[in-house]
file my_file_24.tsv (TSV, N, CA and C atoms)
chain	number	residue	atom	x	y	z
X	6	MET	N	-22.18	-6.45	5.27
X	6	MET	CA	-20.72	-6.58	5.36
X	6	MET	C	-20.10	-5.21	5.63
X	7	VAL	N	-18.96	-5.22	6.23
X	7	VAL	CA	-18.28	-4.01	6.66
X	7	VAL	C	-17.66	-3.27	5.48
X	8	PRO	N	-17.84	-1.94	5.40
X	8	PRO	CA	-17.24	-1.18	4.30
X	8	PRO	C	-15.74	-0.99	4.51
X	9	VAL	N	-15.03	-0.87	3.42
X	9	VAL	CA	-13.58	-0.67	3.42
X	9	VAL	C	-13.19	0.53	4.27
X	10	LYS	N	-13.98	1.61	4.20
X	10	LYS	CA	-13.62	2.84	4.93
X	10	LYS	C	-13.52	2.61	6.43
X	11	SER	N	-14.15	1.57	6.96
X	11	SER	CA	-14.09	1.30	8.39
X	11	SER	C	-12.72	0.78	8.84
X	12	PHE	N	-11.95	0.23	7.91
X	12	PHE	CA	-10.65	-0.35	8.26
X	12	PHE	C	-9.48	0.29	7.54
X	13	MET	N	-9.73	1.29	6.72
X	13	MET	CA	-8.63	1.89	5.96
X	13	MET	C	-7.74	2.76	6.84
X	14	VAL	N	-6.51	2.93	6.40
X	14	VAL	CA	-5.61	3.91	6.99
X	14	VAL	C	-5.86	5.20	6.22
X	15	PRO	N	-6.23	6.28	6.91
X	15	PRO	CA	-6.53	7.53	6.19
X	15	PRO	C	-5.27	8.15	5.58
X	16	VAL	N	-5.47	8.88	4.50
X	16	VAL	CA	-4.35	9.49	3.76
X	16	VAL	C	-3.48	10.36	4.67
X	17	ALA	N	-4.06	10.96	5.68
X	17	ALA	CA	-3.29	11.80	6.60
X	17	ALA	C	-2.24	11.00	7.37
X	18	LYS	N	-2.41	9.69	7.47
X	18	LYS	CA	-1.44	8.86	8.19
X	18	LYS	C	-0.48	8.11	7.27
X	19	PHE	N	-0.54	8.37	5.97
X	19	PHE	CA	0.36	7.72	5.03
X	19	PHE	C	1.80	8.08	5.35
X	20	VAL	N	2.67	7.12	5.22
X	20	VAL	CA	4.11	7.38	5.28
X	20	VAL	C	4.56	7.49	3.82
X	21	THR	N	5.18	8.60	3.50
X	21	THR	CA	5.54	8.87	2.11
X	21	THR	C	7.04	9.09	1.95
X	22	VAL	N	7.50	8.86	0.73
X	22	VAL	CA	8.87	9.19	0.34
X	22	VAL	C	8.82	9.84	-1.03
X	23	ASP	N	9.78	10.71	-1.27
X	23	ASP	CA	9.88	11.34	-2.58
X	23	ASP	C	10.35	10.29	-3.59
X	24	ARG	N	9.96	10.46	-4.82
X	24	ARG	CA	10.29	9.50	-5.88
X	24	ARG	C	11.79	9.30	-6.05
X	25	ASP	N	12.60	10.28	-5.64
X	25	ASP	CA	14.05	10.17	-5.78
X	25	ASP	C	14.72	9.47	-4.60
X	26	THR	N	13.96	9.12	-3.57
X	26	THR	CA	14.51	8.40	-2.42
X	26	THR	C	15.07	7.06	-2.89
X	27	ASP	N	16.26	6.71	-2.39
X	27	ASP	CA	16.82	5.43	-2.84
X	27	ASP	C	16.13	4.26	-2.13
X	28	VAL	N	16.18	3.11	-2.76
X	28	VAL	CA	15.50	1.91	-2.29
X	28	VAL	C	15.99	1.51	-0.89
X	29	ARG	N	17.28	1.66	-0.64
X	29	ARG	CA	17.80	1.29	0.68
X	29	ARG	C	17.16	2.13	1.78
X	30	LYS	N	17.07	3.44	1.56
X	30	LYS	CA	16.46	4.33	2.55
X	30	LYS	C	14.98	3.96	2.75
X	31	ALA	N	14.29	3.68	1.65
X	31	ALA	CA	12.88	3.28	1.75
X	31	ALA	C	12.74	2.00	2.57
X	32	ALA	N	13.62	1.03	2.33
X	32	ALA	CA	13.58	-0.23	3.08
X	32	ALA	C	13.84	0.02	4.57
X	33	GLU	N	14.76	0.92	4.87
X	33	GLU	CA	15.05	1.25	6.27
X	33	GLU	C	13.83	1.88	6.95
X	34	ILE	N	13.14	2.75	6.22
X	34	ILE	CA	11.94	3.39	6.78
X	34	ILE	C	10.87	2.34	7.06
X	35	MET	N	10.65	1.42	6.10
X	35	MET	CA	9.66	0.38	6.31
X	35	MET	C	10.03	-0.50	7.50
X	36	ARG	N	11.31	-0.84	7.63
X	36	ARG	CA	11.77	-1.64	8.76
X	36	ARG	C	11.54	-0.90	10.08
X	37	ASP	N	11.98	0.35	10.12
X	37	ASP	CA	11.90	1.12	11.37
X	37	ASP	C	10.47	1.41	11.79
X	38	ARG	N	9.56	1.55	10.82
X	38	ARG	CA	8.16	1.86	11.13
X	38	ARG	C	7.30	0.59	11.21
X	39	ASN	N	7.92	-0.55	10.90
X	39	ASN	CA	7.22	-1.84	10.90
X	39	ASN	C	6.00	-1.81	9.97
X	40	ILE	N	6.24	-1.34	8.76
X	40	ILE	CA	5.19	-1.27	7.74
X	40	ILE	C	5.68	-1.94	6.46
X	41	GLY	N	4.75	-2.29	5.59
X	41	GLY	CA	5.10	-3.01	4.37
X	41	GLY	C	5.03	-2.18	3.12
X	42	SER	N	4.72	-0.88	3.25
X	42	SER	CA	4.62	-0.06	2.05
X	42	SER	C	4.83	1.41	2.38
X	43	LEU	N	5.21	2.14	1.35
X	43	LEU	CA	5.35	3.60	1.41
X	43	LEU	C	4.69	4.17	0.17
X	44	PHE	N	4.07	5.32	0.32
X	44	PHE	CA	3.55	6.00	-0.85
X	44	PHE	C	4.63	6.88	-1.42
X	45	VAL	N	4.70	6.90	-2.73
X	45	VAL	CA	5.75	7.65	-3.43
X	45	VAL	C	5.14	8.94	-3.95
X	46	THR	N	5.84	10.04	-3.69
X	46	THR	CA	5.32	11.35	-4.08
X	46	THR	C	6.21	12.04	-5.11
X	47	ARG	N	5.58	12.90	-5.86
X	47	ARG	CA	6.26	13.86	-6.74
X	47	ARG	C	5.67	15.20	-6.33
X	48	GLY	N	6.45	15.96	-5.58
X	48	GLY	CA	5.90	17.18	-5.00
X	48	GLY	C	4.85	16.78	-3.97
X	49	LYS	N	3.65	17.30	-4.11
X	49	LYS	CA	2.57	16.97	-3.18
X	49	LYS	C	1.69	15.83	-3.67
X	50	ASP	N	1.93	15.37	-4.90
X	50	ASP	CA	1.09	14.34	-5.50
X	50	ASP	C	1.61	12.94	-5.21
X	51	ILE	N	0.71	12.02	-4.87
X	51	ILE	CA	1.07	10.61	-4.72
X	51	ILE	C	1.06	9.99	-6.11
X	52	VAL	N	2.21	9.41	-6.49
X	52	VAL	CA	2.35	8.88	-7.85
X	52	VAL	C	2.50	7.37	-7.90
X	53	GLY	N	2.64	6.73	-6.73
X	53	GLY	CA	2.79	5.29	-6.71
X	53	GLY	C	2.93	4.77	-5.30
X	54	ILE	N	3.18	3.47	-5.22
X	54	ILE	CA	3.39	2.82	-3.93
X	54	ILE	C	4.58	1.88	-4.10
X	55	VAL	N	5.44	1.83	-3.10
X	55	VAL	CA	6.55	0.88	-3.09
X	55	VAL	C	6.34	-0.02	-1.88
X	56	THR	N	6.43	-1.30	-2.11
X	56	THR	CA	6.18	-2.28	-1.05
X	56	THR	C	7.44	-3.10	-0.80
X	57	ASP	N	7.42	-3.83	0.32
X	57	ASP	CA	8.54	-4.71	0.60
X	57	ASP	C	8.71	-5.74	-0.52
X	58	THR	N	7.62	-6.16	-1.11
X	58	THR	CA	7.68	-7.10	-2.23
X	58	THR	C	8.37	-6.45	-3.44
X	59	ASP	N	8.06	-5.19	-3.71
X	59	ASP	CA	8.72	-4.48	-4.81
X	59	ASP	C	10.24	-4.43	-4.58
X	60	VAL	N	10.63	-4.16	-3.34
X	60	VAL	CA	12.06	-4.08	-3.01
X	60	VAL	C	12.74	-5.41	-3.33
X	61	VAL	N	12.12	-6.51	-2.91
X	61	VAL	CA	12.72	-7.83	-3.13
X	61	VAL	C	12.72	-8.20	-4.61
X	62	ARG	N	11.57	-8.10	-5.26
X	62	ARG	CA	11.45	-8.59	-6.63
X	62	ARG	C	12.04	-7.68	-7.69
X	63	ARG	N	11.95	-6.37	-7.47
X	63	ARG	CA	12.37	-5.44	-8.51
X	63	ARG	C	13.72	-4.79	-8.26
X	64	SER	N	14.30	-5.02	-7.10
X	64	SER	CA	15.61	-4.47	-6.81
X	64	SER	C	16.58	-5.58	-6.42
X	65	VAL	N	16.36	-6.20	-5.30
X	65	VAL	CA	17.29	-7.22	-4.80
X	65	VAL	C	17.44	-8.37	-5.80
X	66	ALA	N	16.32	-8.92	-6.26
X	66	ALA	CA	16.36	-10.11	-7.12
X	66	ALA	C	17.01	-9.85	-8.48
X	67	VAL	N	16.97	-8.60	-8.94
X	67	VAL	CA	17.58	-8.30	-10.25
X	67	VAL	C	18.97	-7.68	-10.10
X	68	GLY	N	19.42	-7.51	-8.87
X	68	GLY	CA	20.78	-7.07	-8.64
X	68	GLY	C	21.05	-5.59	-8.76
X	69	THR	N	20.03	-4.75	-8.64
X	69	THR	CA	20.30	-3.31	-8.68
X	69	THR	C	20.92	-2.89	-7.35
X	70	ASP	N	21.65	-1.82	-7.36
X	70	ASP	CA	22.25	-1.29	-6.14
X	70	ASP	C	21.18	-0.47	-5.42
X	71	PRO	N	20.69	-0.96	-4.27
X	71	PRO	CA	19.59	-0.27	-3.59
X	71	PRO	C	19.96	1.14	-3.11
X	72	SER	N	21.23	1.41	-2.94
X	72	SER	CA	21.61	2.76	-2.51
X	72	SER	C	21.73	3.73	-3.68
X	73	LYS	N	21.60	3.20	-4.91
X	73	LYS	CA	21.68	4.06	-6.10
X	73	LYS	C	20.42	4.00	-6.96
X	74	THR	N	19.45	3.21	-6.55
X	74	THR	CA	18.23	3.05	-7.32
X	74	THR	C	17.10	3.83	-6.67
X	75	PRO	N	16.50	4.79	-7.40
X	75	PRO	CA	15.37	5.53	-6.82
X	75	PRO	C	14.11	4.66	-6.77
X	76	VAL	N	13.29	4.88	-5.75
X	76	VAL	CA	12.07	4.09	-5.61
X	76	VAL	C	11.15	4.23	-6.82
X	77	GLU	N	11.25	5.33	-7.51
X	77	GLU	CA	10.41	5.52	-8.70
X	77	GLU	C	10.63	4.40	-9.72
X	78	GLN	N	11.84	3.83	-9.75
X	78	GLN	CA	12.14	2.76	-10.71
X	78	GLN	C	11.52	1.42	-10.34
X	79	ILE	N	11.16	1.24	-9.07
X	79	ILE	CA	10.61	-0.06	-8.67
X	79	ILE	C	9.19	0.02	-8.13
X	80	MET	N	8.64	1.22	-8.03
X	80	MET	CA	7.29	1.38	-7.45
X	80	MET	C	6.22	0.80	-8.36
X	81	SER	N	5.07	0.55	-7.77
X	81	SER	CA	3.89	0.15	-8.53
X	81	SER	C	3.06	1.39	-8.81
X	82	ALA	N	2.74	1.59	-10.06
X	82	ALA	CA	1.93	2.74	-10.46
X	82	ALA	C	1.19	2.39	-11.74
X	83	PRO	N	-0.03	2.86	-11.89
X	83	PRO	CA	-0.80	3.60	-10.89
X	83	PRO	C	-1.25	2.66	-9.76
X	84	ILE	N	-1.66	3.27	-8.68
X	84	ILE	CA	-2.14	2.51	-7.52
X	84	ILE	C	-3.51	1.93	-7.84
X	85	VAL	N	-3.67	0.64	-7.61
X	85	VAL	CA	-4.98	0.00	-7.79
X	85	VAL	C	-5.85	0.44	-6.62
X	86	THR	N	-7.09	0.84	-6.93
X	86	THR	CA	-7.95	1.41	-5.89
X	86	THR	C	-9.31	0.72	-5.82
X	87	ILE	N	-9.97	0.99	-4.69
X	87	ILE	CA	-11.33	0.52	-4.46
X	87	ILE	C	-12.10	1.66	-3.79
X	88	GLU	N	-13.37	1.80	-4.13
X	88	GLU	CA	-14.19	2.85	-3.52
X	88	GLU	C	-14.44	2.53	-2.04
X	89	GLU	N	-14.48	3.58	-1.21
X	89	GLU	CA	-14.58	3.43	0.24
X	89	GLU	C	-15.83	2.70	0.73
X	90	ASN	N	-16.90	2.71	-0.04
X	90	ASN	CA	-18.14	2.06	0.39
X	90	ASN	C	-18.25	0.60	-0.05
X	91	LYS	N	-17.26	0.13	-0.80
X	91	LYS	CA	-17.23	-1.30	-1.14
X	91	LYS	C	-16.93	-2.08	0.14
X	92	THR	N	-17.22	-3.36	0.13
X	92	THR	CA	-17.05	-4.17	1.33
X	92	THR	C	-15.63	-4.73	1.44
X	93	LEU	N	-15.31	-5.19	2.64
X	93	LEU	CA	-14.02	-5.85	2.84
X	93	LEU	C	-13.91	-7.10	1.98
X	94	LEU	N	-15.02	-7.77	1.73
X	94	LEU	CA	-15.02	-8.92	0.83
X	94	LEU	C	-14.66	-8.49	-0.59
X	95	ASP	N	-15.20	-7.34	-1.03
X	95	ASP	CA	-14.84	-6.80	-2.34
X	95	ASP	C	-13.33	-6.52	-2.41
X	96	ALA	N	-12.80	-5.94	-1.34
X	96	ALA	CA	-11.36	-5.64	-1.29
X	96	ALA	C	-10.55	-6.92	-1.35
X	97	ASN	N	-10.97	-7.93	-0.60
X	97	ASN	CA	-10.28	-9.22	-0.61
X	97	ASN	C	-10.29	-9.83	-2.01
X	98	ASP	N	-11.44	-9.79	-2.66
X	98	ASP	CA	-11.56	-10.36	-4.01
X	98	ASP	C	-10.66	-9.63	-5.00
X	99	LEU	N	-10.62	-8.29	-4.90
X	99	LEU	CA	-9.78	-7.50	-5.81
X	99	LEU	C	-8.30	-7.79	-5.56
X	100	MET	N	-7.92	-7.87	-4.28
X	100	MET	CA	-6.52	-8.18	-3.97
X	100	MET	C	-6.13	-9.55	-4.50
X	101	ALA	N	-7.02	-10.52	-4.34
X	101	ALA	CA	-6.74	-11.88	-4.83
X	101	ALA	C	-6.65	-11.90	-6.35
X	102	ARG	N	-7.57	-11.25	-7.00
X	102	ARG	CA	-7.61	-11.24	-8.46
X	102	ARG	C	-6.38	-10.56	-9.05
X	103	GLU	N	-5.94	-9.46	-8.43
X	103	GLU	CA	-4.81	-8.68	-8.95
X	103	GLU	C	-3.47	-9.07	-8.33
X	104	HIS	N	-3.49	-10.02	-7.40
X	104	HIS	CA	-2.27	-10.46	-6.69
X	104	HIS	C	-1.59	-9.29	-6.00
X	105	LEU	N	-2.37	-8.54	-5.21
X	105	LEU	CA	-1.88	-7.37	-4.48
X	105	LEU	C	-2.10	-7.54	-3.00
X	106	ARG	N	-1.31	-6.80	-2.21
X	106	ARG	CA	-1.50	-6.80	-0.76
X	106	ARG	C	-1.89	-5.42	-0.24
X	107	HIS	N	-1.97	-4.43	-1.13
X	107	HIS	CA	-2.34	-3.07	-0.73
X	107	HIS	C	-3.26	-2.47	-1.80
X	108	LEU	N	-4.31	-1.80	-1.33
X	108	LEU	CA	-5.21	-1.10	-2.24
X	108	LEU	C	-5.38	0.34	-1.76
X	109	GLY	N	-5.38	1.26	-2.71
X	109	GLY	CA	-5.77	2.62	-2.38
X	109	GLY	C	-7.28	2.64	-2.20
X	110	VAL	N	-7.76	3.50	-1.33
X	110	VAL	CA	-9.20	3.65	-1.12
X	110	VAL	C	-9.59	5.03	-1.61
X	111	THR	N	-10.65	5.10	-2.41
X	111	THR	CA	-11.05	6.36	-3.00
X	111	THR	C	-12.46	6.78	-2.59
X	112	ARG	N	-12.66	8.09	-2.63
X	112	ARG	CA	-13.98	8.69	-2.46
X	112	ARG	C	-14.11	9.65	-3.63
X	113	ASP	N	-15.12	9.44	-4.45
X	113	ASP	CA	-15.31	10.28	-5.65
X	113	ASP	C	-14.02	10.36	-6.47
X	114	LYS	N	-13.35	9.21	-6.62
X	114	LYS	CA	-12.14	9.05	-7.42
X	114	LYS	C	-10.91	9.73	-6.84
X	115	LYS	N	-11.01	10.25	-5.60
X	115	LYS	CA	-9.87	10.88	-4.93
X	115	LYS	C	-9.35	9.92	-3.86
X	116	LEU	N	-8.03	9.74	-3.81
X	116	LEU	CA	-7.41	8.85	-2.84
X	116	LEU	C	-7.61	9.39	-1.43
X	117	VAL	N	-8.25	8.59	-0.57
X	117	VAL	CA	-8.52	9.01	0.80
X	117	VAL	C	-7.95	8.05	1.84
X	118	GLY	N	-7.44	6.91	1.39
X	118	GLY	CA	-6.92	5.95	2.34
X	118	GLY	C	-6.29	4.76	1.65
X	119	MET	N	-5.93	3.77	2.48
X	119	MET	CA	-5.31	2.55	1.99
X	119	MET	C	-5.75	1.40	2.89
X	120	ILE	N	-5.92	0.24	2.29
X	120	ILE	CA	-6.22	-0.97	3.05
X	120	ILE	C	-5.26	-2.05	2.60
X	121	SER	N	-4.83	-2.86	3.56
X	121	SER	CA	-3.86	-3.90	3.25
X	121	SER	C	-4.40	-5.27	3.67
X	122	VAL	N	-3.71	-6.30	3.22
X	122	VAL	CA	-4.06	-7.65	3.63
X	122	VAL	C	-3.99	-7.76	5.15
X	123	ARG	N	-3.04	-7.08	5.76
X	123	ARG	CA	-2.92	-7.10	7.23
X	123	ARG	C	-4.22	-6.58	7.86
X	124	ASP	N	-4.81	-5.53	7.29
X	124	ASP	CA	-6.07	-4.99	7.82
X	124	ASP	C	-7.18	-6.03	7.72
X	125	LEU	N	-7.21	-6.78	6.62
X	125	LEU	CA	-8.22	-7.82	6.45
X	125	LEU	C	-8.02	-8.93	7.47
X	126	VAL	N	-6.78	-9.29	7.72
X	126	VAL	CA	-6.49	-10.34	8.71
X	126	VAL	C	-6.93	-9.91	10.10
X	127	VAL	N	-6.67	-8.66	10.45
X	127	VAL	CA	-7.10	-8.14	11.76
X	127	VAL	C	-8.61	-8.23	11.88
X	128	PHE	N	-9.32	-7.84	10.83
X	128	PHE	CA	-10.78	-7.91	10.84
X	128	PHE	C	-11.25	-9.35	11.05
X	129	LEU	N	-10.71	-10.27	10.25
X	129	LEU	CA	-11.13	-11.66	10.33
X	129	LEU	C	-10.78	-12.29	11.67
X	130	THR	N	-9.66	-11.92	12.23
X	130	THR	CA	-9.24	-12.45	13.53
X	130	THR	C	-10.20	-12.05	14.63
X	131	ASN	N	-10.79	-10.90	14.50
X	131	ASN	CA	-11.68	-10.39	15.54
X	131	ASN	C	-13.15	-10.76	15.34
X	132	LEU	N	-13.46	-11.52	14.31
X	132	LEU	CA	-14.84	-11.98	14.12
X	132	LEU	C	-15.21	-12.99	15.19
X	133	PRO	N	-16.45	-12.94	15.66
X	133	PRO	CA	-16.88	-13.94	16.65
X	133	PRO	C	-16.83	-15.33	16.05
X	134	ARG	N	-16.41	-16.29	16.83
X	134	ARG	CA	-16.32	-17.67	16.37
X	134	ARG	C	-17.59	-18.42	16.81
X	135	LYS	N	-18.02	-19.34	15.94
X	135	LYS	CA	-19.22	-20.12	16.27
X	135	LYS	C	-18.89	-21.25	17.20
call {"tool": "encode", "arguments": {"input": "my_file_24.tsv", "output": "structure tokens"}}
result
Amino acid sequence: MVPVKSFMVPVAKFVTVDRDTDVRKAAEIMRDRNIGSLFVTRGKDIVGIVTDTDVVRRSVAVGTDPSKTPVEQIMSAPIVTIEENKTLLDANDLMAREHLRHLGVTRDKKLVGMISVRDLVVFLTNLPRK
């Protein structure tokens, strides 16, 4: 089976926002970049992830003002991770078990990438059909 590292987005390509960025700005960035998540930073450190689902469930649905709410208040932290040599099936199982659509990918416990449900769908779509 294919390892997670073959389909991950490397950390160098992460789109990040500072923890003080307001939810509205984060949502605009996700819309403009056509992505479903942003990594949240404190200085140079990644401290969490904010997803389109977080925006809907933790901001919009509870009535917070997205232009006054920092992403740090709605982000998911710590980031759930999987080792880079685990398989895509392992990633799928972990996402299903934890009800997540994004996983951090680690090498020796250091964050080196991210894999999403979208990445798994792309992989499955390109499998040869019998």
call {"tool": "atom_distance", "arguments": {"input": "my_file_24.tsv", "atom1": "CA of Phe19 (chain X)", "atom2": "atom N of Leu105 (chain X)"}}
result
19.4 Å
call {"tool": "select_by_dssp", "arguments": {"input": "my_file_24.tsv", "residues": "chain X", "states": "strand (DSSP E or B)", "output": "ChimeraX atom specification"}}
result
/X:8,14-15,21-23,27,42-47,50-56,75,81,86-88,92,107-112,115-121
call {"tool": "axis_aligned_box", "arguments": {"input": "my_file_24.tsv", "around": "region 7-26 of chain X", "padding_each_side": "3 Å", "output": "lines of an AutoDock Vina configuration file"}}
result
center_x = -1.9
center_y = 3.3
center_z = 1.4
size_x = 40.0
size_y = 23.0
size_z = 20.9
call {"tool": "atom_distance", "arguments": {"input": "my_file_24.tsv", "atom1": "CA of Val45 (chain X)", "atom2": "CA of Thr69 (chain X)"}}
result
19.0 Å
call {"tool": "residues_around", "arguments": {"input": "my_file_24.tsv", "residues": "Val126 (chain X)", "least_positions_apart": "2", "cutoff": "12 Å", "atoms": "only C-alpha atoms", "output": "compact mmCIF listing (two decimals) with N, CA and C atoms, in the coordinates of the input"}}
result
# COMPACT_ATOMS: atom_id res chain seq x y z
N PHE X 12 -11.95 0.23 7.91
CA PHE X 12 -10.65 -0.35 8.26
C PHE X 12 -9.48 0.29 7.54
N LEU X 93 -15.31 -5.19 2.64
CA LEU X 93 -14.02 -5.85 2.84
C LEU X 93 -13.91 -7.10 1.98
N LEU X 94 -15.02 -7.77 1.73
CA LEU X 94 -15.02 -8.92 0.83
C LEU X 94 -14.66 -8.49 -0.59
N ASN X 97 -10.97 -7.93 -0.60
CA ASN X 97 -10.28 -9.22 -0.61
C ASN X 97 -10.29 -9.83 -2.01
N ARG X 106 -1.31 -6.80 -2.21
CA ARG X 106 -1.50 -6.80 -0.76
C ARG X 106 -1.89 -5.42 -0.24
N ILE X 120 -5.92 0.24 2.29
CA ILE X 120 -6.22 -0.97 3.05
C ILE X 120 -5.26 -2.05 2.60
N SER X 121 -4.83 -2.86 3.56
CA SER X 121 -3.86 -3.90 3.25
C SER X 121 -4.40 -5.27 3.67
N VAL X 122 -3.71 -6.30 3.22
CA VAL X 122 -4.06 -7.65 3.63
C VAL X 122 -3.99 -7.76 5.15
N ARG X 123 -3.04 -7.08 5.76
CA ARG X 123 -2.92 -7.10 7.23
C ARG X 123 -4.22 -6.58 7.86
N ASP X 124 -4.81 -5.53 7.29
CA ASP X 124 -6.07 -4.99 7.82
C ASP X 124 -7.18 -6.03 7.72
N PHE X 128 -9.32 -7.84 10.83
CA PHE X 128 -10.78 -7.91 10.84
C PHE X 128 -11.25 -9.35 11.05
N LEU X 129 -10.71 -10.27 10.25
CA LEU X 129 -11.13 -11.66 10.33
C LEU X 129 -10.78 -12.29 11.67
N THR X 130 -9.66 -11.92 12.23
CA THR X 130 -9.24 -12.45 13.53
C THR X 130 -10.20 -12.05 14.63
N ASN X 131 -10.79 -10.90 14.50
CA ASN X 131 -11.68 -10.39 15.54
C ASN X 131 -13.15 -10.76 15.34
N LEU X 132 -13.46 -11.52 14.31
CA LEU X 132 -14.84 -11.98 14.12
C LEU X 132 -15.21 -12.99 15.19
call {"tool": "closest_residue", "arguments": {"input": "my_file_24.tsv", "among": "X:Met100, X:Leu125, X:Val14, X:Val20", "to": "Ser42 (chain X)", "atoms": "all atoms listed in the file"}}
result
X:Val20
call {"tool": "closest_residue", "arguments": {"input": "my_file_24.tsv", "among": "X:Lys73, X:Lys30, X:Arg38, X:Arg112", "to": "Lys91 (chain X)", "atoms": "only C-alpha atoms"}}
result
X:Arg112
call {"tool": "closest_residue", "arguments": {"input": "my_file_24.tsv", "among": "X:Ile51, X:Phe44, X:Asp57, X:Ala17", "to": "Ala32 (chain X)", "atoms": "all atoms listed in the file"}}
result
X:Asp57
call {"tool": "residues_around", "arguments": {"input": "my_file_24.tsv", "residues": "region 21-23 of chain X", "least_positions_apart": "2", "cutoff": "10 Å", "atoms": "only C-alpha atoms", "output": "list in words"}}
result
Lys18, Phe19, Asp25, Thr26, Asp27, Lys30, Ala31, Ile34, Ser42, Leu43, Phe44, Val45, Thr46, Arg47, Gly48, Lys49, Asp50, Ile51, Val52, Gly53, Ile54, Val55, Pro75, Val76 and Glu77 of chain X
call {"tool": "write_last_selection", "arguments": {"input": "my_file_24.tsv", "atoms": "N, CA and C atoms", "output": "short mmCIF file (atom, residue, chain, number, x, y, z; two decimals), in the frame of the given file"}}
result
data_model
loop_
_atom_site.label_atom_id
_atom_site.label_comp_id
_atom_site.auth_asym_id
_atom_site.auth_seq_id
_atom_site.Cartn_x
_atom_site.Cartn_y
_atom_site.Cartn_z
N LYS X 18 -2.41 9.69 7.47
CA LYS X 18 -1.44 8.86 8.19
C LYS X 18 -0.48 8.11 7.27
N PHE X 19 -0.54 8.37 5.97
CA PHE X 19 0.36 7.72 5.03
C PHE X 19 1.80 8.08 5.35
N ASP X 25 12.60 10.28 -5.64
CA ASP X 25 14.05 10.17 -5.78
C ASP X 25 14.72 9.47 -4.60
N THR X 26 13.96 9.12 -3.57
CA THR X 26 14.51 8.40 -2.42
C THR X 26 15.07 7.06 -2.89
N ASP X 27 16.26 6.71 -2.39
CA ASP X 27 16.82 5.43 -2.84
C ASP X 27 16.13 4.26 -2.13
N LYS X 30 17.07 3.44 1.56
CA LYS X 30 16.46 4.33 2.55
C LYS X 30 14.98 3.96 2.75
N ALA X 31 14.29 3.68 1.65
CA ALA X 31 12.88 3.28 1.75
C ALA X 31 12.74 2.00 2.57
N ILE X 34 13.14 2.75 6.22
CA ILE X 34 11.94 3.39 6.78
C ILE X 34 10.87 2.34 7.06
N SER X 42 4.72 -0.88 3.25
CA SER X 42 4.62 -0.06 2.05
C SER X 42 4.83 1.41 2.38
N LEU X 43 5.21 2.14 1.35
CA LEU X 43 5.35 3.60 1.41
C LEU X 43 4.69 4.17 0.17
N PHE X 44 4.07 5.32 0.32
CA PHE X 44 3.55 6.00 -0.85
C PHE X 44 4.63 6.88 -1.42
N VAL X 45 4.70 6.90 -2.73
CA VAL X 45 5.75 7.65 -3.43
C VAL X 45 5.14 8.94 -3.95
N THR X 46 5.84 10.04 -3.69
CA THR X 46 5.32 11.35 -4.08
C THR X 46 6.21 12.04 -5.11
N ARG X 47 5.58 12.90 -5.86
CA ARG X 47 6.26 13.86 -6.74
C ARG X 47 5.67 15.20 -6.33
N GLY X 48 6.45 15.96 -5.58
CA GLY X 48 5.90 17.18 -5.00
C GLY X 48 4.85 16.78 -3.97
N LYS X 49 3.65 17.30 -4.11
CA LYS X 49 2.57 16.97 -3.18
C LYS X 49 1.69 15.83 -3.67
N ASP X 50 1.93 15.37 -4.90
CA ASP X 50 1.09 14.34 -5.50
C ASP X 50 1.61 12.94 -5.21
N ILE X 51 0.71 12.02 -4.87
CA ILE X 51 1.07 10.61 -4.72
C ILE X 51 1.06 9.99 -6.11
N VAL X 52 2.21 9.41 -6.49
CA VAL X 52 2.35 8.88 -7.85
C VAL X 52 2.50 7.37 -7.90
N GLY X 53 2.64 6.73 -6.73
CA GLY X 53 2.79 5.29 -6.71
C GLY X 53 2.93 4.77 -5.30
N ILE X 54 3.18 3.47 -5.22
CA ILE X 54 3.39 2.82 -3.93
C ILE X 54 4.58 1.88 -4.10
N VAL X 55 5.44 1.83 -3.10
CA VAL X 55 6.55 0.88 -3.09
C VAL X 55 6.34 -0.02 -1.88
N PRO X 75 16.50 4.79 -7.40
CA PRO X 75 15.37 5.53 -6.82
C PRO X 75 14.11 4.66 -6.77
N VAL X 76 13.29 4.88 -5.75
CA VAL X 76 12.07 4.09 -5.61
C VAL X 76 11.15 4.23 -6.82
N GLU X 77 11.25 5.33 -7.51
CA GLU X 77 10.41 5.52 -8.70
C GLU X 77 10.63 4.40 -9.72
#
call {"tool": "residues_around", "arguments": {"input": "my_file_24.tsv", "residues": "Glu103 (chain X)", "least_positions_apart": "6", "cutoff": "12 Å", "atoms": "only C-alpha atoms", "output": "number ranges by chain"}}
result
X: 84-86, 96-97
call {"tool": "atom_distance", "arguments": {"input": "my_file_24.tsv", "atom1": "CA of Glu33 (chain X)", "atom2": "CA of Val61 (chain X)"}}
result
13.3 Å
call {"tool": "select_by_dssp", "arguments": {"input": "my_file_24.tsv", "residues": "chain X", "states": "helix (DSSP H, G or I)", "output": "ChimeraX atom specification"}}
result
/X:9-11,16-18,28-38,57-65,76-78,93-103,122-130
call {"tool": "residues_around", "arguments": {"input": "my_file_24.tsv", "residues": "Pro15 (chain X)", "least_positions_apart": "6", "cutoff": "7 Å", "atoms": "all atoms listed in the file", "output": "list in words"}}
result
Val117, Gly118 and Met119 of chain X
call {"tool": "residues_around", "arguments": {"input": "my_file_24.tsv", "residues": "region 114-116 of chain X", "least_positions_apart": "4", "cutoff": "6.5 Å", "atoms": "all atoms listed in the file", "output": "ChimeraX atom specification"}}
result
/X:16,109-110
call {"tool": "closest_residue", "arguments": {"input": "my_file_24.tsv", "among": "X:Pro71, X:Pro83, X:Gly41, X:Pro133", "to": "Val28 (chain X)", "atoms": "only N, CA and C atoms"}}
result
X:Pro71
